[in-house]
file work_7.tsv (TSV, C-alpha atoms)
chain	number	residue	atom	x	y	z
A	1	MET	CA	83.20	118.39	99.38
A	2	LYS	CA	84.76	118.26	102.83
A	3	LEU	CA	86.44	115.12	104.06
A	4	ASN	CA	85.46	113.67	107.40
A	5	TYR	CA	87.59	111.55	109.69
A	6	LEU	CA	90.27	114.24	110.12
A	7	PHE	CA	91.89	115.36	113.36
A	8	PRO	CA	91.84	119.03	114.45
A	9	ASN	CA	94.64	121.19	113.06
A	10	LYS	CA	96.60	121.41	116.34
A	11	TYR	CA	97.40	117.69	116.25
A	12	LYS	CA	99.57	118.13	113.16
A	13	LYS	CA	102.25	119.85	115.25
A	14	VAL	CA	101.95	117.20	117.98
A	15	GLY	CA	102.37	114.56	115.29
A	16	TRP	CA	105.58	116.11	113.96
A	17	LEU	CA	106.98	116.48	117.49
A	18	ILE	CA	106.54	112.73	118.08
A	19	LEU	CA	107.30	111.54	114.54
A	20	ILE	CA	110.70	113.17	113.99
A	21	PRO	CA	112.46	111.92	117.17
A	22	SER	CA	110.86	108.46	117.09
A	23	ALA	CA	111.73	108.01	113.40
A	24	ILE	CA	115.36	109.02	114.03
A	25	ILE	CA	115.66	106.77	117.10
A	26	GLY	CA	113.86	103.98	115.25
A	27	LEU	CA	116.26	104.08	112.30
A	28	ILE	CA	119.30	104.16	114.60
A	29	THR	CA	118.12	101.19	116.70
A	30	LEU	CA	117.24	99.28	113.52
A	31	TYR	CA	120.66	99.98	112.01
A	32	LEU	CA	122.56	99.10	115.20
A	33	ASP	CA	120.25	96.18	116.03
A	34	PHE	CA	119.94	97.71	119.50
A	35	GLU	CA	117.83	95.67	121.92
A	36	PRO	CA	118.44	96.59	125.59
A	37	ASN	CA	117.88	93.68	128.01
A	38	SER	CA	115.78	95.87	130.26
A	39	LEU	CA	113.07	95.82	127.59
A	40	ASP	CA	112.89	92.00	127.27
A	41	PHE	CA	109.43	90.91	128.38
A	42	ASN	CA	107.10	87.92	128.21
A	43	VAL	CA	104.25	89.25	126.12
A	44	PRO	CA	101.01	87.78	124.76
A	45	ALA	CA	101.01	86.91	121.05
A	46	ILE	CA	98.22	86.09	118.60
A	47	PHE	CA	100.34	83.95	116.25
A	48	ILE	CA	103.59	82.21	117.08
A	49	GLU	CA	106.18	80.38	114.99
A	50	GLU	CA	108.77	78.53	117.07
A	51	LEU	CA	112.41	78.27	115.99
A	52	LEU	CA	111.87	74.67	114.86
A	53	GLY	CA	108.98	75.73	112.65
A	54	ASP	CA	106.12	74.77	114.96
A	55	LYS	CA	103.23	77.21	114.42
A	56	HIS	CA	100.27	77.90	116.68
A	57	PHE	CA	97.81	80.58	117.71
A	58	PHE	CA	97.79	82.41	121.05
A	59	GLY	CA	100.48	82.13	123.66
A	60	ILE	CA	103.26	83.95	125.43
A	61	VAL	CA	106.61	84.84	123.85
A	62	ASN	CA	109.74	86.49	125.16
A	63	ASN	CA	110.32	89.59	123.09
A	64	ASN	CA	112.24	92.84	123.13
A	65	ILE	CA	109.54	95.48	123.00
A	66	LEU	CA	111.67	98.48	121.91
A	67	ASN	CA	110.79	98.06	118.22
A	68	GLU	CA	107.10	97.68	119.09
A	69	ILE	CA	107.14	100.92	121.09
A	70	LEU	CA	108.99	102.89	118.39
A	71	GLY	CA	106.94	101.40	115.56
A	72	ALA	CA	103.67	102.23	117.31
A	73	LEU	CA	104.85	105.78	118.01
A	74	ILE	CA	105.84	106.28	114.37
A	75	LEU	CA	102.54	104.89	113.07
A	76	PHE	CA	100.46	106.92	115.51
A	77	SER	CA	102.32	110.18	114.86
A	78	SER	CA	102.36	109.64	111.08
A	79	LEU	CA	98.58	109.30	111.17
A	80	LEU	CA	98.34	112.58	113.10
A	81	VAL	CA	100.61	114.39	110.64
A	82	ALA	CA	98.86	112.92	107.61
A	83	PHE	CA	95.27	113.35	108.73
A	84	SER	CA	95.14	116.50	110.82
A	85	LYS	CA	93.26	119.32	109.15
A	86	GLU	CA	95.17	122.14	107.51
A	87	GLU	CA	94.71	125.59	109.02
A	88	SER	CA	92.18	126.33	106.31
A	89	GLU	CA	90.91	122.91	105.33
A	90	ASP	CA	88.39	123.81	102.64
A	91	GLU	CA	87.02	121.85	99.67
A	92	TYR	CA	90.01	122.55	97.43
A	93	ILE	CA	92.47	121.37	100.09
A	94	SER	CA	90.31	118.25	100.53
A	95	LYS	CA	90.56	117.58	96.80
A	96	ILE	CA	94.35	117.87	96.94
A	97	ARG	CA	94.36	115.61	100.01
A	98	LEU	CA	92.37	112.96	98.19
A	99	GLU	CA	94.52	113.14	95.05
A	100	SER	CA	97.68	112.89	97.13
A	101	LEU	CA	96.30	109.83	98.90
A	102	VAL	CA	95.53	108.09	95.61
A	103	TRP	CA	98.98	109.01	94.33
A	104	ALA	CA	100.64	107.69	97.52
A	105	VAL	CA	98.80	104.35	97.29
A	106	TYR	CA	99.87	103.89	93.64
A	107	PHE	CA	103.45	104.90	94.36
A	108	ASN	CA	103.70	102.73	97.45
A	109	TYR	CA	102.42	99.65	95.61
A	110	ALA	CA	104.70	100.34	92.64
A	111	VAL	CA	107.68	100.38	94.99
A	112	LEU	CA	106.37	97.29	96.81
A	113	LEU	CA	105.83	95.40	93.56
A	114	ILE	CA	109.35	96.14	92.33
A	115	SER	CA	110.78	95.11	95.72
A	116	PHE	CA	108.63	91.98	95.81
A	117	VAL	CA	109.96	90.81	92.45
A	118	LEU	CA	113.60	91.78	93.00
A	119	ILE	CA	114.27	91.24	96.73
A	120	PHE	CA	114.17	87.76	98.26
A	121	ASP	CA	114.16	85.73	101.49
A	122	LEU	CA	115.28	87.45	104.66
A	123	ALA	CA	116.25	90.61	102.78
A	124	PHE	CA	112.55	91.03	102.00
A	125	LEU	CA	111.91	91.42	105.73
A	126	TRP	CA	113.50	94.88	105.41
A	127	VAL	CA	111.03	95.76	102.68
A	128	MET	CA	108.14	94.69	104.91
A	129	ILE	CA	109.44	96.71	107.84
A	130	PHE	CA	109.76	99.89	105.77
A	131	ASN	CA	106.53	99.25	103.90
A	132	MET	CA	104.62	99.48	107.19
A	133	PHE	CA	105.34	103.21	107.17
A	134	THR	CA	105.96	104.22	103.56
A	135	ILE	CA	102.36	104.64	102.42
A	136	LEU	CA	101.82	107.34	105.05
A	137	LEU	CA	105.27	108.77	104.43
A	138	PHE	CA	104.68	109.10	100.66
A	139	PHE	CA	101.30	110.70	101.34
A	140	ILE	CA	102.77	113.20	103.83
A	141	ILE	CA	105.54	114.21	101.41
A	142	ARG	CA	103.24	114.51	98.39
A	143	PHE	CA	100.44	116.38	100.18
A	144	ASN	CA	102.67	118.89	101.96
A	145	TRP	CA	104.64	119.48	98.76
A	146	GLN	CA	101.42	120.22	96.85
A	147	ILE	CA	100.17	122.54	99.59
A	148	SER	CA	103.44	124.47	99.76
A	149	LYS	CA	103.47	124.81	95.97
A	150	LEU	CA	99.96	126.22	96.18
A	151	LYS	CA	100.88	128.74	98.85
A	152	LYS	CA	103.82	129.92	96.75
A	153	ILE	CA	101.68	130.42	93.62
A	154	ALA	CA	98.99	132.28	95.58
A	155	HIS	CA	101.71	134.48	97.01
A	156	TYR	CA	102.94	135.65	93.60
A	157	GLU	CA	99.50	136.44	92.16
A	158	GLU	CA	97.37	139.49	92.83
B	1	MET	CA	84.11	126.01	82.83
B	2	LYS	CA	84.81	129.71	82.73
B	3	ASN	CA	84.15	132.06	85.60
B	4	SER	CA	84.14	135.80	86.16
B	5	ILE	CA	85.20	135.79	89.79
B	6	LYS	CA	88.06	138.16	89.08
B	7	VAL	CA	85.73	140.60	87.31
B	8	GLU	CA	83.12	140.44	90.05
B	9	ARG	CA	85.86	140.93	92.60
B	10	ALA	CA	87.06	144.03	90.75
B	11	LYS	CA	83.51	145.42	90.69
B	12	LYS	CA	83.26	145.01	94.44
B	13	ASN	CA	86.84	146.23	94.80
B	14	ILE	CA	87.93	143.41	97.12
B	15	THR	CA	91.15	141.38	97.15
B	16	GLN	CA	91.48	137.61	96.91
B	17	ALA	CA	92.18	137.56	100.62
B	18	ASP	CA	89.02	139.57	101.38
B	19	LEU	CA	86.91	137.26	99.24
B	20	ALA	CA	88.49	134.22	100.89
B	21	ILE	CA	87.39	135.47	104.31
B	22	LEU	CA	83.87	136.29	103.09
B	23	ALA	CA	83.47	132.90	101.38
B	24	LYS	CA	85.12	131.06	104.30
B	25	VAL	CA	87.75	129.33	102.15
B	26	SER	CA	91.51	129.72	101.82
B	27	ARG	CA	93.07	132.33	99.54
B	28	GLN	CA	94.66	129.52	97.55
B	29	THR	CA	91.18	128.27	96.67
B	30	ILE	CA	90.09	131.68	95.36
B	31	ASN	CA	93.32	131.86	93.40
B	32	ALA	CA	92.89	128.37	91.93
B	33	MET	CA	89.30	129.15	90.90
B	34	GLU	CA	90.31	132.38	89.18
B	35	LEU	CA	93.03	130.52	87.29
B	36	GLY	CA	90.48	127.89	86.23
B	37	LYS	CA	92.36	125.17	88.10
B	38	TYR	CA	89.53	124.35	90.45
B	39	VAL	CA	85.79	124.04	89.90
B	40	PRO	CA	84.00	124.89	93.16
B	41	SER	CA	81.21	122.88	94.75
B	42	THR	CA	77.61	124.00	94.44
B	43	VAL	CA	77.68	125.33	97.99
B	44	LEU	CA	80.73	127.49	97.38
B	45	SER	CA	79.31	128.71	94.05
B	46	LEU	CA	76.11	129.78	95.81
B	47	ARG	CA	78.13	131.52	98.52
B	48	LEU	CA	80.07	133.46	95.88
B	49	ALA	CA	76.84	134.43	94.12
B	50	GLN	CA	75.42	135.71	97.38
B	51	ILE	CA	78.57	137.69	98.16
B	52	PHE	CA	78.62	139.27	94.68
B	53	GLU	CA	74.82	139.70	94.74
B	54	VAL	CA	74.37	138.07	91.33
B	55	GLU	CA	72.99	134.78	90.00
B	56	VAL	CA	75.33	131.77	89.93
B	57	SER	CA	74.98	131.60	86.14
B	58	GLN	CA	76.35	135.13	85.89
B	59	ILE	CA	79.62	134.00	87.48
B	60	PHE	CA	80.02	130.58	85.88
B	61	THR	CA	79.66	129.68	82.22
B	62	LEU	CA	79.76	126.23	80.66
B	63	GLU	CA	82.23	125.61	77.85
B	64	GLU	CA	82.11	123.10	75.01
B	65	SER	CA	84.75	120.98	76.76
B	66	ASP	CA	82.50	120.56	79.82
B	67	TRP	CA	80.33	118.17	77.80
B	68	ASN	CA	83.17	115.75	77.04
call {"tool": "encode", "arguments": {"input": "work_7.tsv", "output": "structure tokens"}}
result
Amino acid sequence: MKLNYLFPNKYKKVGWLILIPSAIIGLITLYLDFEPNSLDFNVPAIFIEELLGDKHFFGIVNNNILNEILGALILFSSLLVAFSKEESEDEYISKIRLESLVWAVYFNYAVLLISFVLIFDLAFLWVMIFNMFTILLFFIIRFNWQISKLKKIAHYEE
Amino acid sequence: MKNSIKVERAKKNITQADLAILAKVSRQTINAMELGKYVPSTVLSLRLAQIFEVEVSQIFTLEESDWN
């Protein structure tokens, strides 16, 4: 059983090269609330809620696009890291990939459920920001951990 | 399910790494199969049979627990 919808192996490295710096810069800008004026733009929006609570669809808003750029880079590169083929992506690796994905979905929703019940109001916004990325992050950690464990075992045998 | 991959490999005098190359899978997969941690697909089973020049049923044997 081989999984489809995977990127070629070489994109895994590209993914890491984008993911690590953009994740570090993303966390720093988030922590410092850094929004340089040079990146304030009027941008199109699908759904808008005004300060006074007026809601409507489609329009233009003034927004600092730094977090959009970094968020998109992190999502894009996480997908590359998560779903690029291993050097020898065979049926056993595919099985481990699938199991890791199931595990990551369960784990992510367990964390989300706990946060949902125990974190409220604006503080929950932080949960939603991190939750955008955690499902892929948990998958990447779990899958690569399993693969490295496998390589170690295979190394000792024979 | 039991398998005799290790025995067949010994008969042919090839390493796990050699077999991995012949069967076009990773060495970890050969290792996991020999340890009974992974049951291969039909395609891979047929490949192994062809490499060892035996019938699939000579490599793989059902166990009681496979019916549960």
call {"tool": "residues_around", "arguments": {"input": "work_7.tsv", "residues": "Ser41 (chain B)", "least_positions_apart": "2", "cutoff": "10 Å", "atoms": "all atoms listed in the file", "output": "number ranges by chain"}}
result
A: 1-2, 91-92; B: 38-39, 43-47
call {"tool": "closest_residue", "arguments": {"input": "work_7.tsv", "among": "B:Ala49, B:Val54, B:Leu35, B:Ile14", "to": "Lys2 (chain B)", "atoms": "all atoms listed in the file"}}
result
B:Leu35
call {"tool": "residues_around", "arguments": {"input": "work_7.tsv", "residues": "Phe139 (chain A)", "least_positions_apart": "2", "cutoff": "8 Å", "atoms": "all atoms listed in the file", "output": "ChimeraX atom specification"}}
result
/A:82,100-101,103-105,135-137,141-143
call {"tool": "write_last_selection", "arguments": {"input": "work_7.tsv", "atoms": "C-alpha atoms", "output": "PDB file, keeping the file's coordinate frame"}}
result
ATOM      1  CA  ALA A  82      98.860 112.920 107.610  1.00  0.00           C
ATOM      2  CA  SER A 100      97.680 112.890  97.130  1.00  0.00           C
ATOM      3  CA  LEU A 101      96.300 109.830  98.900  1.00  0.00           C
ATOM      4  CA  TRP A 103      98.980 109.010  94.330  1.00  0.00           C
ATOM      5  CA  ALA A 104     100.640 107.690  97.520  1.00  0.00           C
ATOM      6  CA  VAL A 105      98.800 104.350  97.290  1.00  0.00           C
ATOM      7  CA  ILE A 135     102.360 104.640 102.420  1.00  0.00           C
ATOM      8  CA  LEU A 136     101.820 107.340 105.050  1.00  0.00           C
ATOM      9  CA  LEU A 137     105.270 108.770 104.430  1.00  0.00           C
ATOM     10  CA  ILE A 141     105.540 114.210 101.410  1.00  0.00           C
ATOM     11  CA  ARG A 142     103.240 114.510  98.390  1.00  0.00           C
ATOM     12  CA  PHE A 143     100.440 116.380 100.180  1.00  0.00           C
TER      13      PHE A 143
END
call {"tool": "closest_atom_pairs", "arguments": {"input": "work_7.tsv", "of": "chain B", "to": "chain A", "cutoff": "7 Å", "atoms": "all atoms listed in the file", "output": "tab-separated table"}}
result
residue	atom	partner	partner_atom	distance
B:Val25	CA	A:Asp90	CA	5.6
B:Ser26	CA	A:Ser88	CA	5.7
B:Gln28	CA	A:Ala154	CA	5.5
B:Thr29	CA	A:Tyr92	CA	5.9
B:Asn31	CA	A:Ala154	CA	6.1
B:Ser41	CA	A:Met1	CA	6.7
call {"tool": "atom_distance", "arguments": {"input": "work_7.tsv", "atom1": "CA of Tyr11 (chain A)", "atom2": "CA of Ser84 (chain A)"}}
result
6.0 Å
call {"tool": "build_atoms", "arguments": {"input": "work_7.tsv", "residues": "region 127-153 of chain A", "atoms": "N, CA and C atoms", "output": "JSON list (two decimals), in the coordinates of the input"}}
result
[["chain", "number", "residue", "atom", "x", "y", "z"],
["A", 127, "VAL", "N", 112.08, 95.11, 103.49],
["A", 127, "VAL", "CA", 111.03, 95.76, 102.68],
["A", 127, "VAL", "C", 109.74, 95.84, 103.47],
["A", 128, "MET", "N", 109.40, 94.73, 104.15],
["A", 128, "MET", "CA", 108.14, 94.69, 104.91],
["A", 128, "MET", "C", 108.17, 95.66, 106.08],
["A", 129, "ILE", "N", 109.32, 95.76, 106.72],
["A", 129, "ILE", "CA", 109.44, 96.71, 107.84],
["A", 129, "ILE", "C", 109.21, 98.14, 107.34],
["A", 130, "PHE", "N", 109.90, 98.52, 106.26],
["A", 130, "PHE", "CA", 109.76, 99.89, 105.77],
["A", 130, "PHE", "C", 108.38, 100.13, 105.17],
["A", 131, "ASN", "N", 107.83, 99.09, 104.55],
["A", 131, "ASN", "CA", 106.53, 99.25, 103.90],
["A", 131, "ASN", "C", 105.39, 99.51, 104.90],
["A", 132, "MET", "N", 105.62, 99.15, 106.17],
["A", 132, "MET", "CA", 104.62, 99.48, 107.19],
["A", 132, "MET", "C", 104.37, 100.99, 107.25],
["A", 133, "PHE", "N", 105.42, 101.75, 106.95],
["A", 133, "PHE", "CA", 105.34, 103.21, 107.17],
["A", 133, "PHE", "C", 105.31, 104.02, 105.88],
["A", 134, "THR", "N", 105.72, 103.41, 104.76],
["A", 134, "THR", "CA", 105.96, 104.22, 103.56],
["A", 134, "THR", "C", 104.69, 104.81, 102.96],
["A", 135, "ILE", "N", 103.57, 104.10, 103.05],
["A", 135, "ILE", "CA", 102.36, 104.64, 102.42],
["A", 135, "ILE", "C", 101.99, 105.99, 103.04],
["A", 136, "LEU", "N", 102.10, 106.07, 104.38],
["A", 136, "LEU", "CA", 101.82, 107.34, 105.05],
["A", 136, "LEU", "C", 102.90, 108.36, 104.75],
["A", 137, "LEU", "N", 104.14, 107.88, 104.71],
["A", 137, "LEU", "CA", 105.27, 108.77, 104.43],
["A", 137, "LEU", "C", 105.14, 109.41, 103.05],
["A", 138, "PHE", "N", 104.85, 108.58, 102.02],
["A", 138, "PHE", "CA", 104.68, 109.10, 100.66],
["A", 138, "PHE", "C", 103.53, 110.10, 100.61],
["A", 139, "PHE", "N", 102.45, 109.79, 101.32],
["A", 139, "PHE", "CA", 101.30, 110.70, 101.34],
["A", 139, "PHE", "C", 101.69, 112.04, 101.97],
["A", 140, "ILE", "N", 102.39, 111.98, 103.12],
["A", 140, "ILE", "CA", 102.77, 113.20, 103.83],
["A", 140, "ILE", "C", 103.65, 114.08, 102.95],
["A", 141, "ILE", "N", 104.64, 113.45, 102.27],
["A", 141, "ILE", "CA", 105.54, 114.21, 101.41],
["A", 141, "ILE", "C", 104.78, 114.84, 100.26],
["A", 142, "ARG", "N", 103.98, 114.04, 99.57],
["A", 142, "ARG", "CA", 103.24, 114.51, 98.39],
["A", 142, "ARG", "C", 102.26, 115.64, 98.76],
["A", 143, "PHE", "N", 101.48, 115.41, 99.80],
["A", 143, "PHE", "CA", 100.44, 116.38, 100.18],
["A", 143, "PHE", "C", 101.06, 117.71, 100.61],
["A", 144, "ASN", "N", 102.07, 117.64, 101.47],
["A", 144, "ASN", "CA", 102.67, 118.89, 101.96],
["A", 144, "ASN", "C", 103.41, 119.62, 100.85],
["A", 145, "TRP", "N", 103.97, 118.87, 99.91],
["A", 145, "TRP", "CA", 104.64, 119.48, 98.76],
["A", 145, "TRP", "C", 103.62, 120.23, 97.91],
["A", 146, "GLN", "N", 102.48, 119.59, 97.65],
["A", 146, "GLN", "CA", 101.42, 120.22, 96.85],
["A", 146, "GLN", "C", 100.89, 121.49, 97.53],
["A", 147, "ILE", "N", 100.70, 121.40, 98.84],
["A", 147, "ILE", "CA", 100.17, 122.54, 99.59],
["A", 147, "ILE", "C", 101.16, 123.70, 99.58],
["A", 148, "SER", "N", 102.45, 123.39, 99.73],
["A", 148, "SER", "CA", 103.44, 124.47, 99.76],
["A", 148, "SER", "C", 103.59, 125.11, 98.38],
["A", 149, "LYS", "N", 103.43, 124.28, 97.33],
["A", 149, "LYS", "CA", 103.47, 124.81, 95.97],
["A", 149, "LYS", "C", 102.32, 125.80, 95.77],
["A", 150, "LEU", "N", 101.18, 125.41, 96.29],
["A", 150, "LEU", "CA", 99.96, 126.22, 96.18],
["A", 150, "LEU", "C", 100.13, 127.56, 96.89],
["A", 151, "LYS", "N", 100.70, 127.51, 98.08],
["A", 151, "LYS", "CA", 100.88, 128.74, 98.85],
["A", 151, "LYS", "C", 101.82, 129.68, 98.13],
["A", 152, "LYS", "N", 102.85, 129.11, 97.49],
["A", 152, "LYS", "CA", 103.82, 129.92, 96.75],
["A", 152, "LYS", "C", 103.15, 130.61, 95.57],
["A", 153, "ILE", "N", 102.35, 129.85, 94.80],
["A", 153, "ILE", "CA", 101.68, 130.42, 93.62],
["A", 153, "ILE", "C", 100.76, 131.54, 94.07]]
